[in-house]
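Q: My structure is in protein.pdb, and what it holds is PDB, C-alpha atoms:
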ATOM      1  CA  MET A   1      38.134 107.274  87.632
ATOM      2  CA  GLN A   2      35.916 108.594  84.858
ATOM      3  CA  ILE A   3      32.855 110.818  84.900
ATOM      4  CA  GLU A   4      30.933 107.947  83.346
ATOM      5  CA  ASP A   5      31.774 105.858  86.416
ATOM      6  CA  LEU A   6      30.027 108.411  88.624
ATOM      7  CA  ARG A   7      26.892 108.281  86.470
ATOM      8  CA  ILE A   8      26.908 104.490  86.521
ATOM      9  CA  TYR A   9      27.451 104.387  90.279
ATOM     10  CA  ILE A  10      24.508 106.733  90.977
ATOM     11  CA  ALA A  11      22.318 104.680  88.646
ATOM     12  CA  VAL A  12      23.303 101.451  90.416
ATOM     13  CA  MET A  13      22.526 103.003  93.801
ATOM     14  CA  HIS A  14      19.040 104.106  92.736
ATOM     15  CA  ALA A  15      18.278 100.843  90.899
ATOM     16  CA  GLY A  16      19.569  98.555  93.655
ATOM     17  CA  ASN A  17      21.213  96.117  91.253
ATOM     18  CA  PHE A  18      23.443  95.983  88.184
ATOM     19  CA  THR A  19      20.799  94.559  85.854
ATOM     20  CA  ALA A  20      18.247  97.357  86.336
ATOM     21  CA  ALA A  21      20.954 100.022  86.201
ATOM     22  CA  ALA A  22      22.342  98.568  82.989
ATOM     23  CA  GLU A  23      18.884  98.551  81.389
ATOM     24  CA  HIS A  24      18.288 102.155  82.448
ATOM     25  CA  LEU A  25      21.641 103.257  81.020
ATOM     26  CA  MET A  26      21.312 100.992  77.968
ATOM     27  CA  LEU A  27      24.616  99.293  78.797
ATOM     28  CA  SER A  28      25.520  95.670  79.326
ATOM     29  CA  LYS A  29      25.410  94.242  82.840
ATOM     30  CA  GLN A  30      28.995  93.041  82.413
ATOM     31  CA  TYR A  31      30.202  96.531  81.505
ATOM     32  CA  VAL A  32      28.438  98.081  84.516
ATOM     33  CA  SER A  33      29.914  95.459  86.849
ATOM     34  CA  ARG A  34      33.387  95.963  85.390
ATOM     35  CA  ARG A  35      33.235  99.772  85.748
ATOM     36  CA  MET A  36      32.084  99.505  89.376
ATOM     37  CA  ALA A  37      34.949  97.137  90.172
ATOM     38  CA  ALA A  38      37.374  99.586  88.549
ATOM     39  CA  LEU A  39      35.893 102.488  90.504
ATOM     40  CA  GLU A  40      36.293 100.685  93.831
ATOM     41  CA  ALA A  41      39.839  99.708  92.895
ATOM     42  CA  SER A  42      40.752 103.315  92.059
ATOM     43  CA  LEU A  43      39.320 104.550  95.350
ATOM     44  CA  GLY A  44      40.749 101.693  97.380
ATOM     45  CA  VAL A  45      37.475 101.265  99.290
ATOM     46  CA  ARG A  46      34.378  99.081  99.084
ATOM     47  CA  LEU A  47      31.327 101.061  97.956
ATOM     48  CA  LEU A  48      28.862  98.234  97.350
ATOM     49  CA  ILE A  49      28.236  94.918  99.089
ATOM     50  CA  ARG A  50      27.030  92.316  96.622
ATOM     51  CA  ASN A  51      24.779  89.382  97.492
ATOM     52  CA  THR A  52      22.464  87.095  95.567
ATOM     53  CA  ARG A  53      19.385  89.319  95.851
ATOM     54  CA  LYS A  54      20.451  92.946  95.830
ATOM     55  CA  LEU A  55      23.247  95.380  96.475
ATOM     56  CA  SER A  56      23.837  97.131  99.779
ATOM     57  CA  VAL A  57      25.669 100.439 100.036
ATOM     58  CA  THR A  58      28.461 100.882 102.571
ATOM     59  CA  ASP A  59      28.893 104.021 104.671
ATOM     60  CA  ALA A  60      31.776 104.995 102.394
ATOM     61  CA  GLY A  61      29.479 104.382  99.430
ATOM     62  CA  LEU A  62      26.823 106.740 100.800
ATOM     63  CA  LEU A  63      29.396 109.448 101.419
ATOM     64  CA  PHE A  64      30.866 109.003  97.950
ATOM     65  CA  ALA A  65      27.377 109.171  96.399
ATOM     66  CA  GLN A  66      26.753 112.611  97.888
ATOM     67  CA  HIS A  67      29.943 113.981  96.338
ATOM     68  CA  ALA A  68      29.400 112.133  93.068
ATOM     69  CA  GLN A  69      25.883 113.547  92.684
ATOM     70  CA  ARG A  70      27.172 117.039  93.426
ATOM     71  CA  ILE A  71      29.860 116.680  90.752
ATOM     72  CA  LEU A  72      27.328 115.443  88.187
ATOM     73  CA  ASP A  73      24.961 118.302  89.029
ATOM     74  CA  GLU A  74      27.736 120.861  88.623
ATOM     75  CA  ILE A  75      28.761 119.348  85.282
ATOM     76  CA  GLN A  76      25.167 119.629  84.108
ATOM     77  CA  GLU A  77      25.019 123.249  85.265
ATOM     78  CA  ALA A  78      28.289 123.995  83.426
ATOM     79  CA  GLN A  79      26.913 122.457  80.243
ATOM     80  CA  LEU A  80      23.765 124.536  80.505
ATOM     81  CA  ALA A  81      25.767 127.704  81.165
ATOM     82  CA  VAL A  82      27.660 127.456  77.867
ATOM     83  CA  SER A  83      24.835 126.050  75.781
ATOM     84  CA  GLU A  84      23.628 128.141  72.868
ATOM     85  CA  GLN A  85      20.123 127.458  74.143
ATOM     86  CA  GLN A  86      20.872 128.290  77.751
ATOM     87  CA  GLN A  87      17.492 130.009  78.102
ATOM     88  CA  ALA A  88      15.796 126.633  77.738
ATOM     89  CA  LEU A  89      15.752 124.623  80.947
ATOM     90  CA  ARG A  90      16.759 121.018  80.319
ATOM     91  CA  GLY A  91      17.846 117.926  82.175
ATOM     92  CA  THR A  92      16.332 115.658  84.826
ATOM     93  CA  PHE A  93      14.870 117.066  88.041
ATOM     94  CA  ARG A  94      13.846 114.958  91.056
ATOM     95  CA  ILE A  95      11.174 116.480  93.317
ATOM     96  CA  ASN A  96       9.463 115.081  96.418
ATOM     97  CA  LEU A  97       5.923 116.267  97.259
ATOM     98  CA  PRO A  98       3.626 115.636 100.244
ATOM     99  CA  MET A  99       0.847 113.250  99.223
ATOM    100  CA  SER A 100      -2.390 115.197  99.835
ATOM    101  CA  PHE A 101      -1.205 118.725  99.072
ATOM    102  CA  GLY A 102       0.865 117.442  96.186
ATOM    103  CA  MET A 103      -2.137 115.854  94.497
ATOM    104  CA  SER A 104      -4.629 118.636  95.165
ATOM    105  CA  HIS A 105      -2.510 121.762  94.678
ATOM    106  CA  LEU A 106       1.022 121.072  93.451
ATOM    107  CA  SER A 107       0.335 118.521  90.710
ATOM    108  CA  PRO A 108      -1.413 121.006  88.362
ATOM    109  CA  LEU A 109       1.291 123.616  89.058
ATOM    110  CA  ILE A 110       4.088 121.186  88.186
ATOM    111  CA  ALA A 111       2.262 120.290  84.981
ATOM    112  CA  GLU A 112       1.902 123.984  84.101
ATOM    113  CA  PHE A 113       5.600 124.614  84.777
ATOM    114  CA  LEU A 114       6.624 121.678  82.589
ATOM    115  CA  SER A 115       4.392 122.885  79.770
ATOM    116  CA  HIS A 116       6.584 126.011  79.621
ATOM    117  CA  HIS A 117       9.831 123.987  79.726
ATOM    118  CA  PRO A 118       9.398 120.949  77.442
ATOM    119  CA  SER A 119      13.109 120.044  77.566
ATOM    120  CA  LEU A 120      12.874 119.239  81.282
ATOM    121  CA  GLN A 121      12.075 115.799  82.651
ATOM    122  CA  PHE A 122      10.628 115.636  86.170
ATOM    123  CA  HIS A 123      10.828 112.580  88.426
ATOM    124  CA  ILE A 124       8.056 113.139  90.986
ATOM    125  CA  GLU A 125       7.565 111.196  94.216
ATOM    126  CA  LEU A 126       4.459 111.781  96.317
ATOM    127  CA  ALA A 127       4.783 110.529  99.886
ATOM    128  CA  ASP A 128       3.908 111.611 103.393
ATOM    129  CA  ARG A 129       7.339 110.527 104.629
ATOM    130  CA  TYR A 130      10.246 112.969 104.643
ATOM    131  CA  ALA A 131      12.676 111.953 101.889
ATOM    132  CA  ASP A 132      16.410 111.954 102.547
ATOM    133  CA  VAL A 133      17.052 114.785 100.115
ATOM    134  CA  ILE A 134      20.813 114.360  99.850
ATOM    135  CA  GLY A 135      20.977 110.585 100.235
ATOM    136  CA  GLU A 136      18.244 109.973  97.646
ATOM    137  CA  GLY A 137      19.502 112.561  95.168
ATOM    138  CA  VAL A 138      16.391 114.765  95.431
ATOM    139  CA  ASP A 139      16.759 118.215  93.847
ATOM    140  CA  MET A 140      13.863 119.802  95.756
ATOM    141  CA  ALA A 141      11.331 118.698  98.355
ATOM    142  CA  ILE A 142       8.148 120.471  99.438
ATOM    143  CA  ARG A 143       7.512 120.101 103.167
ATOM    144  CA  ILE A 144       4.644 121.000 105.458
ATOM    145  CA  GLY A 145       5.189 121.856 109.120
ATOM    146  CA  THR A 146       8.161 122.691 111.308
ATOM    147  CA  LEU A 147      11.493 122.018 109.632
ATOM    148  CA  ALA A 148      14.184 120.065 111.429
ATOM    149  CA  ASP A 149      17.646 121.597 111.681
ATOM    150  CA  SER A 150      19.702 120.513 108.688
ATOM    151  CA  THR A 151      22.152 121.710 106.083
ATOM    152  CA  LEU A 152      19.342 122.055 103.529
ATOM    153  CA  ILE A 153      18.353 125.476 102.218
ATOM    154  CA  ALA A 154      14.700 126.340 102.958
ATOM    155  CA  ARG A 155      12.520 128.869 101.145
ATOM    156  CA  PRO A 156       8.967 129.720 102.323
ATOM    157  CA  LEU A 157       6.024 129.098  99.997
ATOM    158  CA  GLY A 158       3.162 130.091 102.325
ATOM    159  CA  GLU A 159       1.073 128.877 105.254
ATOM    160  CA  LEU A 160      -1.716 126.326 105.560
ATOM    161  CA  LYS A 161      -4.579 127.054 107.957
ATOM    162  CA  ARG A 162      -5.890 124.179 110.076
ATOM    163  CA  VAL A 163      -9.459 123.539 111.249
ATOM    164  CA  ILE A 164     -11.260 121.217 113.638
ATOM    165  CA  CYS A 165     -14.344 119.739 112.024
ATOM    166  CA  CYS A 166     -16.766 116.818 111.983
ATOM    167  CA  SER A 167     -20.039 115.753 110.412
ATOM    168  CA  PRO A 168     -23.307 117.350 111.597
ATOM    169  CA  ARG A 169     -24.626 113.950 112.638
ATOM    170  CA  TYR A 170     -21.637 113.437 114.940
ATOM    171  CA  LEU A 171     -22.483 116.713 116.718
ATOM    172  CA  GLU A 172     -26.115 115.626 117.020
ATOM    173  CA  ARG A 173     -24.970 112.469 118.753
ATOM    174  CA  ALA A 174     -22.049 113.749 120.850
ATOM    175  CA  GLY A 175     -22.820 117.448 121.355
ATOM    176  CA  VAL A 176     -20.849 120.552 120.363
ATOM    177  CA  PRO A 177     -17.591 121.097 122.312
ATOM    178  CA  GLN A 178     -17.521 124.655 123.663
ATOM    179  CA  GLN A 179     -14.063 124.608 125.254
ATOM    180  CA  PRO A 180     -10.857 122.788 124.268
ATOM    181  CA  GLU A 181     -11.013 120.632 127.427
ATOM    182  CA  ALA A 182     -14.303 119.170 126.188
ATOM    183  CA  LEU A 183     -12.357 117.375 123.461
ATOM    184  CA  LEU A 184     -11.164 114.905 126.093
ATOM    185  CA  GLN A 185     -14.715 113.516 126.129
ATOM    186  CA  HIS A 186     -14.976 113.280 122.343
ATOM    187  CA  ALA A 187     -13.804 110.844 119.702
ATOM    188  CA  CYS A 188     -10.862 112.536 117.957
ATOM    189  CA  LEU A 189      -9.364 111.260 114.715
ATOM    190  CA  ARG A 190      -5.647 111.950 114.907
ATOM    191  CA  TYR A 191      -3.131 112.684 112.183
ATOM    192  CA  GLY A 192       0.268 111.022 111.891
ATOM    193  CA  ARG A 193       3.055 111.041 114.437
ATOM    194  CA  GLU A 194       1.878 114.182 116.266
ATOM    195  CA  GLY A 195      -1.700 112.933 116.456
ATOM    196  CA  GLN A 196      -0.707 109.762 118.258
ATOM    197  CA  ASN A 197      -0.211 111.740 121.460
ATOM    198  CA  GLY A 198      -2.821 114.484 121.201
ATOM    199  CA  TRP A 199      -3.562 117.950 119.833
ATOM    200  CA  GLU A 200      -2.017 121.309 120.628
ATOM    201  CA  LEU A 201      -4.493 124.211 120.517
ATOM    202  CA  GLN A 202      -4.293 127.909 121.403
ATOM    203  CA  VAL A 203      -5.933 128.968 124.679
ATOM    204  CA  ASN A 204      -5.605 132.634 125.737
ATOM    205  CA  GLY A 205      -2.809 133.059 123.244
ATOM    206  CA  LYS A 206      -0.773 130.179 124.640
ATOM    207  CA  PRO A 207      -0.335 126.606 123.423
ATOM    208  CA  LYS A 208      -2.298 123.984 125.355
ATOM    209  CA  TRP A 209      -1.667 120.266 124.879
ATOM    210  CA  LEU A 210      -4.666 117.962 125.030
ATOM    211  CA  ALA A 211      -4.249 114.190 125.190
ATOM    212  CA  VAL A 212      -7.249 113.478 122.958
ATOM    213  CA  GLN A 213      -8.196 109.919 122.051
ATOM    214  CA  GLY A 214     -10.287 108.290 119.371
ATOM    215  CA  PRO A 215     -10.848 105.325 117.087
ATOM    216  CA  MET A 216      -8.321 106.191 114.369
ATOM    217  CA  VAL A 217      -4.755 107.407 113.795
ATOM    218  CA  SER A 218      -3.461 107.830 110.235
ATOM    219  CA  ASN A 219      -0.671 109.590 108.373
ATOM    220  CA  ASN A 220      -3.053 110.398 105.502
ATOM    221  CA  GLY A 221      -5.444 113.321 105.696
ATOM    222  CA  GLU A 222      -7.962 111.962 103.194
ATOM    223  CA  VAL A 223      -8.391 108.813 105.271
ATOM    224  CA  LEU A 224      -9.189 110.906 108.343
ATOM    225  CA  ARG A 225     -11.477 113.222 106.376
ATOM    226  CA  ASP A 226     -13.479 110.242 105.136
ATOM    227  CA  ALA A 227     -13.731 108.919 108.705
ATOM    228  CA  ALA A 228     -15.061 112.309 109.822
ATOM    229  CA  LEU A 229     -17.566 112.282 106.954
ATOM    230  CA  ALA A 230     -18.727 108.886 108.201
ATOM    231  CA  GLY A 231     -19.471 110.423 111.611
ATOM    232  CA  LEU A 232     -16.649 108.716 113.503
ATOM    233  CA  GLY A 233     -15.427 111.843 115.289
ATOM    234  CA  LEU A 234     -13.677 115.197 115.199
ATOM    235  CA  VAL A 235     -10.592 115.786 113.067
ATOM    236  CA  LEU A 236      -7.868 118.452 113.067
ATOM    237  CA  LEU A 237      -6.581 118.893 109.500
ATOM    238  CA  PRO A 238      -5.211 121.485 107.080
ATOM    239  CA  ALA A 239      -8.180 123.305 105.589
ATOM    240  CA  PHE A 240      -7.322 122.369 101.998
ATOM    241  CA  ILE A 241      -8.137 118.710 102.714
ATOM    242  CA  VAL A 242     -11.658 119.419 103.959
ATOM    243  CA  GLU A 243     -12.568 122.659 102.149
ATOM    244  CA  THR A 244     -14.892 120.998  99.620
ATOM    245  CA  ALA A 245     -16.732 119.044 102.329
ATOM    246  CA  LEU A 246     -17.087 122.238 104.395
ATOM    247  CA  GLN A 247     -18.511 124.142 101.421
ATOM    248  CA  ARG A 248     -21.070 121.385 100.867
ATOM    249  CA  GLY A 249     -22.055 121.313 104.537
ATOM    250  CA  GLU A 250     -20.918 117.694 104.859
ATOM    251  CA  LEU A 251     -18.496 118.829 107.575
ATOM    252  CA  VAL A 252     -18.767 121.755 109.999
ATOM    253  CA  THR A 253     -16.054 123.433 112.064
ATOM    254  CA  VAL A 254     -15.915 123.741 115.856
ATOM    255  CA  LEU A 255     -13.690 125.601 118.334
ATOM    256  CA  ASP A 256     -12.645 128.152 115.707
ATOM    257  CA  ASP A 257     -11.275 130.476 118.432
ATOM    258  CA  TYR A 258      -8.778 127.878 119.642
ATOM    259  CA  LEU A 259      -7.121 126.712 116.444
ATOM    260  CA  PRO A 260      -3.374 125.990 116.405
ATOM    261  CA  PRO A 261      -1.074 128.180 114.289
ATOM    262  CA  ALA A 262      -1.033 127.630 110.554
ATOM    263  CA  LEU A 263       1.448 125.107 109.166
ATOM    264  CA  SER A 264       4.412 126.485 107.251
ATOM    265  CA  LEU A 265       4.912 125.372 103.651
ATOM    266  CA  ASN A 266       8.533 125.326 102.471
ATOM    267  CA  ALA A 267      10.706 124.212  99.603
ATOM    268  CA  VAL A 268      14.010 122.662 100.690
ATOM    269  CA  TYR A 269      16.996 121.705  98.573
ATOM    270  CA  PRO A 270      20.714 120.853  98.983
ATOM    271  CA  GLN A 271      23.245 123.651  99.155
ATOM    272  CA  HIS A 272      24.926 122.510  95.951
ATOM    273  CA  ARG A 273      21.628 123.136  94.092
ATOM    274  CA  GLN A 274      21.340 126.805  95.050
ATOM    275  CA  ARG A 275      22.889 127.918  91.746
ATOM    276  CA  SER A 276      20.583 125.687  89.733
ATOM    277  CA  GLU A 277      18.521 127.646  87.223
ATOM    278  CA  VAL A 278      15.780 125.016  87.404
ATOM    279  CA  ASN A 279      15.573 125.433  91.181
ATOM    280  CA  ARG A 280      15.498 129.202  90.863
ATOM    281  CA  GLN A 281      12.759 129.343  88.248
ATOM    282  CA  LEU A 282      10.620 126.595  89.804
ATOM    283  CA  LEU A 283      10.832 128.226  93.233
ATOM    284  CA  ALA A 284       9.818 131.631  91.845
ATOM    285  CA  PHE A 285       6.948 130.000  89.912
ATOM    286  CA  LEU A 286       5.592 128.156  92.957
ATOM    287  CA  GLN A 287       5.888 131.209  95.206
ATOM    288  CA  ALA A 288       3.928 133.337  92.729
ATOM    289  CA  ARG A 289       1.200 130.735  92.092
ATOM    290  CA  LEU A 290       0.701 129.719  95.722
ATOM    291  CA  ALA A 291       0.613 133.340  96.872
ATOM    292  CA  SER A 292      -2.286 133.996  94.483
TER
END
Please express what this file holds, its structure, as structure tokens.
A:
Amino acid sequence: MQIEDLRIYIAVMHAGNFTAAAEHLMLSKQYVSRRMAALEASLGVRLLIRNTRKLSVTDAGLLFAQHAQRILDEIQEAQLAVSEQQQALRGTFRINLPMSFGMSHLSPLIAEFLSHHPSLQFHIELADRYADVIGEGVDMAIRIGTLADSTLIARPLGELKRVICCSPRYLERAGVPQQPEALLQHACLRYGREGQNGWELQVNGKPKWLAVQGPMVSNNGEVLRDAALAGLGLVLLPAFIVETALQRGELVTVLDDYLPPALSLNAVYPQHRQRSEVNRQLLAFLQARLAS
């Protein structure tokens, strides 16, 4: 087994086939196929299942990928540690960002960070799904909301206030809800998986679950904001998504005394990345910028 085999294997996994991996690595398809066959032979286990359309990864292949990526990361860290230019951050860094907050707040911060570290190359994915950080080889992910128990290291970046709001014309038509229970008689535009079942508000300092209903459920905050702007109902969203519309008076808030707790904002990353200088500096940069 050679270190090059690990790099090729990770590239094949991400590309999904030998041809794309070979193009990415600037190698021949035959060489990539031959090295993968040699790797499986040396391990005595099948890592990849080949068919006419694409490659599938076996359970052993997924497990091996986690260790292979860790080895490659540690080699990169060792190279940086002894480099004459060790003050300059370099290498490839994969980061996963939530769609709305990533575009509105994190995108300009990432660009600013990269402007200070021109030897870095960022691979950025924006998605509202939770990426499999270890399985997909992600170096850092930014997540909003309660974190599930995992082996990932989490570092807080701040909190995101939520508001309930709607268009003035919706209130003219449906009336202003004075108590949380009144929401059961209103059209409520619900966010993502949690919104499919209702909203949890704070009543007398305690959480109260309300099985609200309405004409729309979406996992994208901008879609729900636009529906609220169109007068379709009330929406419960992080304030950053609707702040501009609130400032313009296009949306107004209701039930401000019953809002749910703010959402936590965290950076998560694998344990083997905790010594990464890129992780350390990016985390400190984001904490400082988001705090201000």
Q: Between A:Ala239, A:Leu282, A:Leu27, A:Ala267, which is the closest to His116 of chain A once you count only C-alpha atoms?
A: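 Residue with the minimum atom-to-atom distance to His116 of chain A: A:Leu282.
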Q: Please expand the PyMOL selection byres ((chain A and resi 87-99) around 7) into the concrete residues it hits in this file, giving the result as a PDB file with C-alpha atoms, in the frame of the given file.
A:
ATOM      1  CA  GLN A  85      20.123 127.458  74.143  1.00  0.00           C
ATOM      2  CA  GLN A  86      20.872 128.290  77.751  1.00  0.00           C
ATOM      3  CA  SER A 100      -2.390 115.197  99.835  1.00  0.00           C
ATOM      4  CA  PHE A 101      -1.205 118.725  99.072  1.00  0.00           C
ATOM      5  CA  GLY A 102       0.865 117.442  96.186  1.00  0.00           C
ATOM      6  CA  MET A 103      -2.137 115.854  94.497  1.00  0.00           C
ATOM      7  CA  HIS A 117       9.831 123.987  79.726  1.00  0.00           C
ATOM      8  CA  SER A 119      13.109 120.044  77.566  1.00  0.00           C
ATOM      9  CA  LEU A 120      12.874 119.239  81.282  1.00  0.00           C
ATOM     10  CA  GLN A 121      12.075 115.799  82.651  1.00  0.00           C
ATOM     11  CA  PHE A 122      10.628 115.636  86.170  1.00  0.00           C
ATOM     12  CA  HIS A 123      10.828 112.580  88.426  1.00  0.00           C
ATOM     13  CA  ILE A 124       8.056 113.139  90.986  1.00  0.00           C
ATOM     14  CA  GLU A 125       7.565 111.196  94.216  1.00  0.00           C
ATOM     15  CA  LEU A 126       4.459 111.781  96.317  1.00  0.00           C
ATOM     16  CA  ALA A 127       4.783 110.529  99.886  1.00  0.00           C
ATOM     17  CA  ASP A 128       3.908 111.611 103.393  1.00  0.00           C
ATOM     18  CA  VAL A 138      16.391 114.765  95.431  1.00  0.00           C
ATOM     19  CA  ASP A 139      16.759 118.215  93.847  1.00  0.00           C
ATOM     20  CA  MET A 140      13.863 119.802  95.756  1.00  0.00           C
ATOM     21  CA  ALA A 141      11.331 118.698  98.355  1.00  0.00           C
ATOM     22  CA  ILE A 142       8.148 120.471  99.438  1.00  0.00           C
ATOM     23  CA  ARG A 143       7.512 120.101 103.167  1.00  0.00           C
ATOM     24  CA  VAL A 278      15.780 125.016  87.404  1.00  0.00           C
TER      25      VAL A 278
END
Q: Applied to the shown file, which residues does the PyMOL selection byres ((chain A and resi 152) around 9) return, written as a ChimeraX atom specification?
A: /A:133-134,149-151,153-154,268-271
Q: How many Å separate atom CA of Leu283 of chain A from atom CA of Ile75 of chain A?
A: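 Taking atom CA of Leu283 of chain A as the start and atom CA of Ile75 of chain A as the end point, the length is 21.5 Å.
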Q: Sorted by chain and rising residue number, which residues of segment 56-172 of chain A lie within 12 Å of segment 3-16 of chain A, and what are their closest atom pairs and distances in Å to one decimal, counting only C-alpha atoms, as CSV?
A:
residue,atom,partner,partner_atom,distance
A:Ser56,CA,A:Gly16,CA,7.6
A:Val57,CA,A:Met13,CA,7.4
A:Thr58,CA,A:Met13,CA,10.8
A:Gly61,CA,A:Met13,CA,9.1
A:Leu62,CA,A:Met13,CA,9.0
A:Leu63,CA,A:Ile10,CA,11.8
A:Phe64,CA,A:Leu6,CA,9.4
A:Ala65,CA,A:Ile10,CA,6.6
A:Gln66,CA,A:Ile10,CA,9.3
A:His67,CA,A:Leu6,CA,9.5
A:Ala68,CA,A:Leu6,CA,5.8
A:Gln69,CA,A:Ile10,CA,7.2
A:Arg70,CA,A:Leu6,CA,10.3
A:Ile71,CA,A:Leu6,CA,8.5
A:Leu72,CA,A:Arg7,CA,7.4
A:Asp73,CA,A:Arg7,CA,10.5
A:Glu74,CA,A:Ile3,CA,11.9
A:Ile75,CA,A:Ile3,CA,9.5
A:Gln76,CA,A:Arg7,CA,11.7
A:Gly135,CA,A:Met13,CA,10.1
A:Glu136,CA,A:His14,CA,7.7
A:Gly137,CA,A:Ile10,CA,8.8
A:Val138,CA,A:His14,CA,11.3
Q: Selected residues, C-alpha atoms, written as a PDB file, in the coordinates of the input, please.
A:
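Written file, part23.pdb:
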ATOM      1  CA  SER A  56      23.837  97.131  99.779  1.00  0.00           C
ATOM      2  CA  VAL A  57      25.669 100.439 100.036  1.00  0.00           C
ATOM      3  CA  THR A  58      28.461 100.882 102.571  1.00  0.00           C
ATOM      4  CA  GLY A  61      29.479 104.382  99.430  1.00  0.00           C
ATOM      5  CA  LEU A  62      26.823 106.740 100.800  1.00  0.00           C
ATOM      6  CA  LEU A  63      29.396 109.448 101.419  1.00  0.00           C
ATOM      7  CA  PHE A  64      30.866 109.003  97.950  1.00  0.00           C
ATOM      8  CA  ALA A  65      27.377 109.171  96.399  1.00  0.00           C
ATOM      9  CA  GLN A  66      26.753 112.611  97.888  1.00  0.00           C
ATOM     10  CA  HIS A  67      29.943 113.981  96.338  1.00  0.00           C
ATOM     11  CA  ALA A  68      29.400 112.133  93.068  1.00  0.00           C
ATOM     12  CA  GLN A  69      25.883 113.547  92.684  1.00  0.00           C
ATOM     13  CA  ARG A  70      27.172 117.039  93.426  1.00  0.00           C
ATOM     14  CA  ILE A  71      29.860 116.680  90.752  1.00  0.00           C
ATOM     15  CA  LEU A  72      27.328 115.443  88.187  1.00  0.00           C
ATOM     16  CA  ASP A  73      24.961 118.302  89.029  1.00  0.00           C
ATOM     17  CA  GLU A  74      27.736 120.861  88.623  1.00  0.00           C
ATOM     18  CA  ILE A  75      28.761 119.348  85.282  1.00  0.00           C
ATOM     19  CA  GLN A  76      25.167 119.629  84.108  1.00  0.00           C
ATOM     20  CA  GLY A 135      20.977 110.585 100.235  1.00  0.00           C
ATOM     21  CA  GLU A 136      18.244 109.973  97.646  1.00  0.00           C
ATOM     22  CA  GLY A 137      19.502 112.561  95.168  1.00  0.00           C
ATOM     23  CA  VAL A 138      16.391 114.765  95.431  1.00  0.00           C
TER      24      VAL A 138
END
Q: Could you complete segment 177-181 of chain A so that it carries all heavy atoms, and give it back as a short mmCIF file (atom, residue, chain, number, x, y, z; two decimals), in the frame of the given file?
A:
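Output below, filename part_11.cif:
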data_model
loop_
_atom_site.label_atom_id
_atom_site.label_comp_id
_atom_site.auth_asym_id
_atom_site.auth_seq_id
_atom_site.Cartn_x
_atom_site.Cartn_y
_atom_site.Cartn_z
N PRO A 177 -18.57 120.68 121.30
CA PRO A 177 -17.59 121.10 122.31
C PRO A 177 -17.47 122.62 122.34
O PRO A 177 -17.28 123.25 121.29
CB PRO A 177 -16.29 120.44 121.84
CG PRO A 177 -16.47 120.27 120.36
CD PRO A 177 -17.93 120.00 120.16
N GLN A 178 -17.59 123.20 123.52
CA GLN A 178 -17.52 124.66 123.66
C GLN A 178 -16.14 125.14 124.09
O GLN A 178 -15.77 126.28 123.82
CB GLN A 178 -18.57 125.13 124.68
CG GLN A 178 -20.00 124.76 124.33
CD GLN A 178 -20.49 125.44 123.06
OE1 GLN A 178 -20.01 126.51 122.69
NE2 GLN A 178 -21.44 124.81 122.37
N GLN A 179 -15.40 124.28 124.77
CA GLN A 179 -14.06 124.61 125.25
C GLN A 179 -13.09 123.50 124.84
O GLN A 179 -13.51 122.34 124.67
CB GLN A 179 -14.05 124.75 126.78
CG GLN A 179 -14.92 125.87 127.32
CD GLN A 179 -14.39 127.24 126.94
OE1 GLN A 179 -13.18 127.44 126.82
NE2 GLN A 179 -15.29 128.20 126.75
N PRO A 180 -11.81 123.82 124.67
CA PRO A 180 -10.86 122.79 124.27
C PRO A 180 -10.86 121.56 125.18
O PRO A 180 -10.73 120.42 124.70
CB PRO A 180 -9.51 123.51 124.34
CG PRO A 180 -9.86 124.94 124.07
CD PRO A 180 -11.19 125.15 124.73
N GLU A 181 -11.05 121.76 126.50
CA GLU A 181 -11.01 120.63 127.43
C GLU A 181 -12.12 119.62 127.14
O GLU A 181 -11.99 118.43 127.46
CB GLU A 181 -11.13 121.13 128.86
CG GLU A 181 -9.92 121.92 129.36
CD GLU A 181 -9.89 123.35 128.85
OE1 GLU A 181 -10.89 123.77 128.20
OE2 GLU A 181 -8.89 124.04 129.10
#
